[in-house]
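Undergrad: There's a structure below that I have some questions on.
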Amino acid sequence: MSSYTAAFRVWRGDADGGELEDFKVEVNEGEVVLDIIHRLQATQASDLAVRWNCKAGKCGSCSAEINGRPRLLCMTRMSIFSREETITVTPLRAFPVVRDLVTDVSFNYAKAREVPAFVPPPGVAAGDYRMQQIDVERPQEFRKCIECFLCQDTCHVVRDHEENKASFAGPRFLMRIAELDMHPLDAAAGVGVDRKKTAQDEHGLGYCNITKCCTEVCPENIKITDNALIPLKERAVDRKYDPLVWLGDKIFRRTE
Amino acid sequence: MTQLERQGWDVVVVGAGGAGLRAAIEAREQGARTAVICKSLFGKAHTVMAEGGIAASMGNVNSGDNWQVHFRDTMRGGKFLNQWRMAELHAREAPDRVWELETWGALFDRTPDGKISQRNFGGHEYPRLAHVGDRTGLELIRTLQQKIVSLQQEDFREFGDYEARLKVFQECTVTRVLKDERERVAGTFCYERESGRFFVLEAPAVVLATGGIGKSFKVTSNSWEYTGDGHALALLAGAPLLNMEFVQFHPTGMVWPPSVKGILVTESVRGDGGVLRNSDGKRFMFDYIPDVFKEKYAQSEEEGDRWYEDPDNNRRPPELLPRDEVARAINSEVKAGRGSPHGGVFLDVSTRMPAETIRRRLPSMYHQFKELADVDITAEAMEVGPTCHYVMGGVAVDSDTAATRGVPGLYAAGEVAGGMHGSNRLGGNSLSDLLVFGRRAGLHAARYAIGFGEGAARPRPDAGQVDAAAAEALRPFSAEGPEPGEADGRPPENPYTLHQELQQTMNDLVGIIRREPEMEQALEKLADLRVRAHRAGVEGHRQFNPGWHLALDLRNMLLVSECVARAALERTESRGGHTREDCPAMEPEWRRVNLLCRLADVSGGLAPSDEPRRGQISLARETTEPIRPDLLGLFEKEELVKYLAEEELHS
């Protein structure tokens, strides 16, 4: 494959507004969209703002929307587009723009803080943790998450409904709750934290109607909906409608 | 004096990778109010790219392992130039640091009896690396990040404020460590990338945990953050750097397509059974076993292959030699015309393991080659070649406390610190280094800071330094102006162009194989770049402006590159990550020599235009401390004679 000149449209602007700017730019064999953005910086727009780090799909920094689809810039190869196609790069839509392709993702960090942390099992010393591989594999799948926030960006619960953000943690952090709930040694229940209940009552699990958009955009191919959200929903529902649980909650009222 | 926001903290940690976060956790748990400042978003640090694992002699897979064996392997890997007390502390404390991660929620892969699984790696005698598939660094960062969040949740319950005692300033950069009139650390000068706003964090203790320098080289596995910031901050604050000539070229980086050249291919591929072949299909590593390792490695493919199943009765295959040896061997094969089509060699797992096993044990590698190179590693061999990966040299520190030399209140841990790995680091020893010395740096920084109490006794930043730092940071916006004696209107230099020229210079002239005339040429080129970098100019404004950020980072890369080139020119031997074609032997006399780099320019680097062609770095030799006899006693005499000078053996 030889080099060619591609047409790019890149959103430029800040919180006060902006517009798509047209560029003609060289493309070489094997390049990804992030390479092209870097070439624009080096040759045509030195102040073009973009986040990136590892350039290998491992850190989840370079999230943006390419032709309207949430993607990692570093893992989107130019060869998937035709040479004639104009490639449009815009910032993540669900988060406020800071500048150009950089958005304010602080929503995600705020939500991360609201999920109660892992609770170590009492009486088990460091070094004495014993878990079977088969039991850690389920939560391990969710710990592959690189926090690119593409799932947070694409989820229709917040994508066009800013008002839902306060009461909805988004797929990434509901998955975090599922992960902790599946951790073989998490002792949250012992300190009065019912993870399934908090997912439902405090983190908006009920908003999710399993359209699987999050799973589709996940660059780590984590089955967020099938393996995290649906099981969490089932277990939350089990509790809600289980008469024994209901009775237990009434009789032994938890302090929190 | 410039009016800008000032905040008071006890400890400021610069960098939020493994070392920085572990330091911050420790400092906060010691009761110090701790600020972490990092160039990227929280949780994106370069540590996420570590793949293979954390080396710790837990003995879960082979009970023969213990700290003494780990210490021995580390010293051998570093060709005995390691700061031995660091290597000792590291080997002793690594298991506790790994186990502690489990109490914070980490989920490592398991052994059949439910313990943390451990894998083989180059230079480690036993399976030693705690891991999660090939994404161990991500697990480490996420665990530390979530531990920080849990500490913040504690503070929220107690004070109603998540950030009362531990705050992460993400996407902020430190450009100067500030001192008081008594030359003690007093804080940091910082800018926020998002707004371009300047601010000062006042604190009696600063921990540098900024990682490495790889972005000064063209082919590198390192991310944009690796611009040697902490190395430069230490130099500018008056602390020396140690043995900067030792730069690790990881043997296996991707070589094709060009845009991904340098991206890492984990050593686990070889640890789990992958082999290296040249274009003749030959497993060439058997031809490259150096004398010092002859007894420890298999002499035939059959023996090497048997070792995976029966390590007690066979020796390991030479694909698992320390990284410096493998990188040089690949370099030689390519040079001899036996390379792969794109200038590397072949790394093959496809004929060694079932496809399903490959996908399970090396999921990131499978994914990476599939997505970026259209190569299915379960069906064909990868093409790989050396890539700049790690700097063994770094800020000279006290082994026990991580304190730098000569600057009270300044600490360094992780890749930015020197000494621990000697002339070459073993795979897996980086993540354990971050944890062991991150904790120690946080502990001692906190104790030192708390010792001042609140109020008047605390060092206050010198006002002149704050003003000078602000002026320095703003210079790229006014670079259009004529230089004294120059014609008017000369256009400013493009920082991206300068950066590319710097990377090419270091790659070509101070790379994996070094020669005296080339390094001299590199120093001239660096002097020229330094003059031009003073005129690096940027467009636009201060809000999230990558061109401006790069213009500021250039100062650091140029300082560090000069250190590497000067030290490499001075050390007339080959050892570990420093290979001199003109001085190919490892010389026992040089084992006792540490090379220290200090800033020569007494203006503190603030006036590089005065006499820019004069170098900024002065070099000094220092004799290493003799290795403690009980530690020397862990080795056979026959092995020691290969490394130590005659008089050391008899002392």
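Just so we're on the same page: first chain in the structure tokens is A, next is B, and so on; residues restart at 1 for each chain, and ligands are numbered from 1 in the order they show up.
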Quick one: everything within 10 Å of A:Ala189, counting only C-alpha atoms, minus sequence neighbours fewer than 6 positions away in the same chain. Send it as a list in words.

TA: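 Once the adjacent positions are removed, what remains is Val119, Asp181 and Arg195 of chain A.
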
Undergrad: I want to know what sits within 9 Å of A:Ser79, based on only C-alpha atoms, with residues of the same chain fewer than 2 positions away left out; could you give that as a ChimeraX atom specification?

TA: /A:29-32,76-77,81-83

Undergrad: Given the selection you just returned, output its residues as a file containing N, CA and C atoms, formatted as a PDB file, in the first residue's frame.

TA:
ATOM      1  N   GLU A  29       1.086   3.435   5.159  1.00  0.00           N
ATOM      2  CA  GLU A  29       0.664   2.070   5.444  1.00  0.00           C
ATOM      3  C   GLU A  29       0.657   1.757   6.943  1.00  0.00           C
ATOM      4  N   GLY A  30      -0.399   1.089   7.358  1.00  0.00           N
ATOM      5  CA  GLY A  30      -0.458   0.584   8.726  1.00  0.00           C
ATOM      6  C   GLY A  30      -0.856   1.626   9.762  1.00  0.00           C
ATOM      7  N   GLU A  31      -1.131   2.858   9.348  1.00  0.00           N
ATOM      8  CA  GLU A  31      -1.382   3.897  10.348  1.00  0.00           C
ATOM      9  C   GLU A  31      -2.798   3.820  10.933  1.00  0.00           C
ATOM     10  N   VAL A  32      -2.898   4.383  12.123  1.00  0.00           N
ATOM     11  CA  VAL A  32      -4.176   4.468  12.812  1.00  0.00           C
ATOM     12  C   VAL A  32      -4.592   5.938  12.867  1.00  0.00           C
ATOM     13  N   THR A  76      -7.972   2.415  15.875  1.00  0.00           N
ATOM     14  CA  THR A  76      -8.786   2.499  14.667  1.00  0.00           C
ATOM     15  C   THR A  76      -7.862   2.652  13.470  1.00  0.00           C
ATOM     16  N   ARG A  77      -7.741   1.583  12.716  1.00  0.00           N
ATOM     17  CA  ARG A  77      -6.799   1.607  11.590  1.00  0.00           C
ATOM     18  C   ARG A  77      -7.390   2.368  10.419  1.00  0.00           C
ATOM     19  N   PHE A  81     -11.184   2.442   6.364  1.00  0.00           N
ATOM     20  CA  PHE A  81     -11.918   3.454   5.587  1.00  0.00           C
ATOM     21  C   PHE A  81     -11.445   3.404   4.136  1.00  0.00           C
ATOM     22  N   SER A  82     -12.313   3.816   3.229  1.00  0.00           N
ATOM     23  CA  SER A  82     -11.880   3.932   1.841  1.00  0.00           C
ATOM     24  C   SER A  82     -11.077   5.219   1.699  1.00  0.00           C
ATOM     25  N   ARG A  83     -10.262   5.290   0.650  1.00  0.00           N
ATOM     26  CA  ARG A  83      -9.414   6.462   0.454  1.00  0.00           C
ATOM     27  C   ARG A  83     -10.221   7.710   0.114  1.00  0.00           C
TER      28      ARG A  83
END

Undergrad: For chain A, which of B:Gly105, B:Gly15, B:Gly419, B:Gly78 is the closest residue, counting only C-alpha atoms?

TA: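 Closest to chain A, using only C-alpha atoms: B:Gly105.
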
Undergrad: Where in stretch 34-71 of chain A does DSSP assign alpha helix (DSSP H), given as number ranges by chain?

TA: A: 34-43

Undergrad: Would you save the residues of that selection, restricted to C-alpha atoms, as a PDB file, in the first residue's frame?

TA:
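The new file part22.pdb reads:
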ATOM      1  CA  LEU A  34      -4.190   8.763  16.150  1.00  0.00           C
ATOM      2  CA  ASP A  35      -1.132   8.815  13.835  1.00  0.00           C
ATOM      3  CA  ILE A  36      -3.019  11.159  11.533  1.00  0.00           C
ATOM      4  CA  ILE A  37      -4.070  13.436  14.396  1.00  0.00           C
ATOM      5  CA  HIS A  38      -0.422  13.570  15.488  1.00  0.00           C
ATOM      6  CA  ARG A  39       0.610  14.452  11.929  1.00  0.00           C
ATOM      7  CA  LEU A  40      -1.885  17.303  11.972  1.00  0.00           C
ATOM      8  CA  GLN A  41      -0.365  18.542  15.232  1.00  0.00           C
ATOM      9  CA  ALA A  42       3.183  18.352  13.915  1.00  0.00           C
ATOM     10  CA  THR A  43       2.494  19.976  10.541  1.00  0.00           C
TER      11      THR A  43
END

Undergrad: Hey, what's within 12 Å of A:Ile177 if we count only C-alpha atoms and toss same-chain stuff fewer than 6 positions away? As an MDAnalysis selection string, please?

TA: chainID A and resid 111:118 139 142:143 169:171 183 186 188 193:200 202:205 224 228:229 231:233 236

Undergrad: Keeping C-alpha atoms for every residue in the selection just given, could you write it to a file as a PDB file, in the first residue's frame?

TA:
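The new file again_32.pdb reads:
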ATOM      1  CA  LYS A 111     -19.036   8.086  40.154  1.00  0.00           C
ATOM      2  CA  ALA A 112     -15.992   5.926  40.962  1.00  0.00           C
ATOM      3  CA  ARG A 113     -15.839   7.505  44.403  1.00  0.00           C
ATOM      4  CA  GLU A 114     -19.439   6.624  45.137  1.00  0.00           C
ATOM      5  CA  VAL A 115     -18.917   2.872  44.799  1.00  0.00           C
ATOM      6  CA  PRO A 116     -17.995   1.444  48.205  1.00  0.00           C
ATOM      7  CA  ALA A 117     -14.473   0.007  48.100  1.00  0.00           C
ATOM      8  CA  PHE A 118     -13.419  -3.630  48.447  1.00  0.00           C
ATOM      9  CA  PRO A 139     -14.467 -10.540  38.183  1.00  0.00           C
ATOM     10  CA  PHE A 142     -14.303  -6.781  34.383  1.00  0.00           C
ATOM     11  CA  ARG A 143     -10.886  -5.786  35.656  1.00  0.00           C
ATOM     12  CA  ALA A 169     -23.399   5.496  37.498  1.00  0.00           C
ATOM     13  CA  GLY A 170     -23.152   4.209  33.925  1.00  0.00           C
ATOM     14  CA  PRO A 171     -22.094   0.766  32.645  1.00  0.00           C
ATOM     15  CA  HIS A 183     -15.037 -11.049  44.304  1.00  0.00           C
ATOM     16  CA  ASP A 186     -15.225  -9.299  49.469  1.00  0.00           C
ATOM     17  CA  ALA A 188     -18.940  -5.885  52.255  1.00  0.00           C
ATOM     18  CA  VAL A 193     -23.170  -2.989  52.496  1.00  0.00           C
ATOM     19  CA  ASP A 194     -25.490  -4.885  50.171  1.00  0.00           C
ATOM     20  CA  ARG A 195     -23.839  -4.313  46.791  1.00  0.00           C
ATOM     21  CA  LYS A 196     -26.795  -5.491  44.746  1.00  0.00           C
ATOM     22  CA  LYS A 197     -29.119  -3.213  46.631  1.00  0.00           C
ATOM     23  CA  THR A 198     -26.854  -0.196  46.224  1.00  0.00           C
ATOM     24  CA  ALA A 199     -26.604  -0.901  42.502  1.00  0.00           C
ATOM     25  CA  GLN A 200     -30.373  -0.761  42.271  1.00  0.00           C
ATOM     26  CA  GLU A 202     -28.152   4.334  44.487  1.00  0.00           C
ATOM     27  CA  HIS A 203     -26.480   3.748  41.132  1.00  0.00           C
ATOM     28  CA  GLY A 204     -29.435   3.517  38.788  1.00  0.00           C
ATOM     29  CA  LEU A 205     -29.180  -0.095  37.635  1.00  0.00           C
ATOM     30  CA  ILE A 224     -20.616  -5.813  30.058  1.00  0.00           C
ATOM     31  CA  ALA A 228     -22.041  -7.930  34.563  1.00  0.00           C
ATOM     32  CA  LEU A 229     -25.277  -5.983  34.238  1.00  0.00           C
ATOM     33  CA  PRO A 231     -26.476 -10.984  36.468  1.00  0.00           C
ATOM     34  CA  LEU A 232     -26.460  -7.938  38.740  1.00  0.00           C
ATOM     35  CA  LYS A 233     -30.029  -7.156  37.767  1.00  0.00           C
ATOM     36  CA  ALA A 236     -30.871  -7.430  42.708  1.00  0.00           C
TER      37      ALA A 236
END

Undergrad: For B:Arg447, list every protein, DNA or RNA residue within 9 Å, evaluated using only C-alpha atoms, and leave out those in the same chain fewer than 3 positions away; present the list as a PyMOL selection string.

TA: chain B and resi 27+30-32+442-444+450-451

Undergrad: Please write the residues from the selection above to a file, keeping C-alpha atoms, as an mmCIF file, in the first residue's frame.

TA:
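out_5.cif was written with the following content:
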data_model
loop_
_atom_site.group_PDB
_atom_site.id
_atom_site.type_symbol
_atom_site.label_atom_id
_atom_site.label_comp_id
_atom_site.auth_asym_id
_atom_site.auth_seq_id
_atom_site.Cartn_x
_atom_site.Cartn_y
_atom_site.Cartn_z
ATOM 1 C CA ALA B 27 2.371 9.071 53.148
ATOM 2 C CA GLN B 30 1.417 7.941 58.028
ATOM 3 C CA GLY B 31 -0.833 10.946 58.611
ATOM 4 C CA ALA B 32 0.672 13.323 56.073
ATOM 5 C CA GLY B 442 6.259 7.862 50.984
ATOM 6 C CA LEU B 443 7.142 6.712 54.492
ATOM 7 C CA HIS B 444 10.289 8.788 54.837
ATOM 8 C CA ILE B 450 5.543 15.884 59.739
ATOM 9 C CA GLY B 451 8.729 16.655 61.670
#

Undergrad: Given only C-alpha atoms as the basis, pick out the residue of B:Tyr126, B:Tyr448, B:Phe169, B:Trp9 nearest to chain A.

TA: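 That would be B:Phe169, the residue with the smallest distance to chain A.
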
Undergrad: Separation of atom CA of A:Met78 and atom CA of A:Ile222, in Å?

TA: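 So the answer is 24.0 Å.
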
Undergrad: Quick one: of A:Leu20, A:Ala15, A:Val33, A:Ala56, who's nearest to chain B, counting only C-alpha atoms?

TA: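 Distance minimum relative to chain B lands on A:Ala56.
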
Undergrad: Within 9 Å of B:Leu320, counting only C-alpha atoms, which residues show up once you throw out same-chain ones fewer than 3 positions away? Write them as a PyMOL selection string, please.

TA: chain B and resi 120-124+267+270-271+297+316-317+323+326
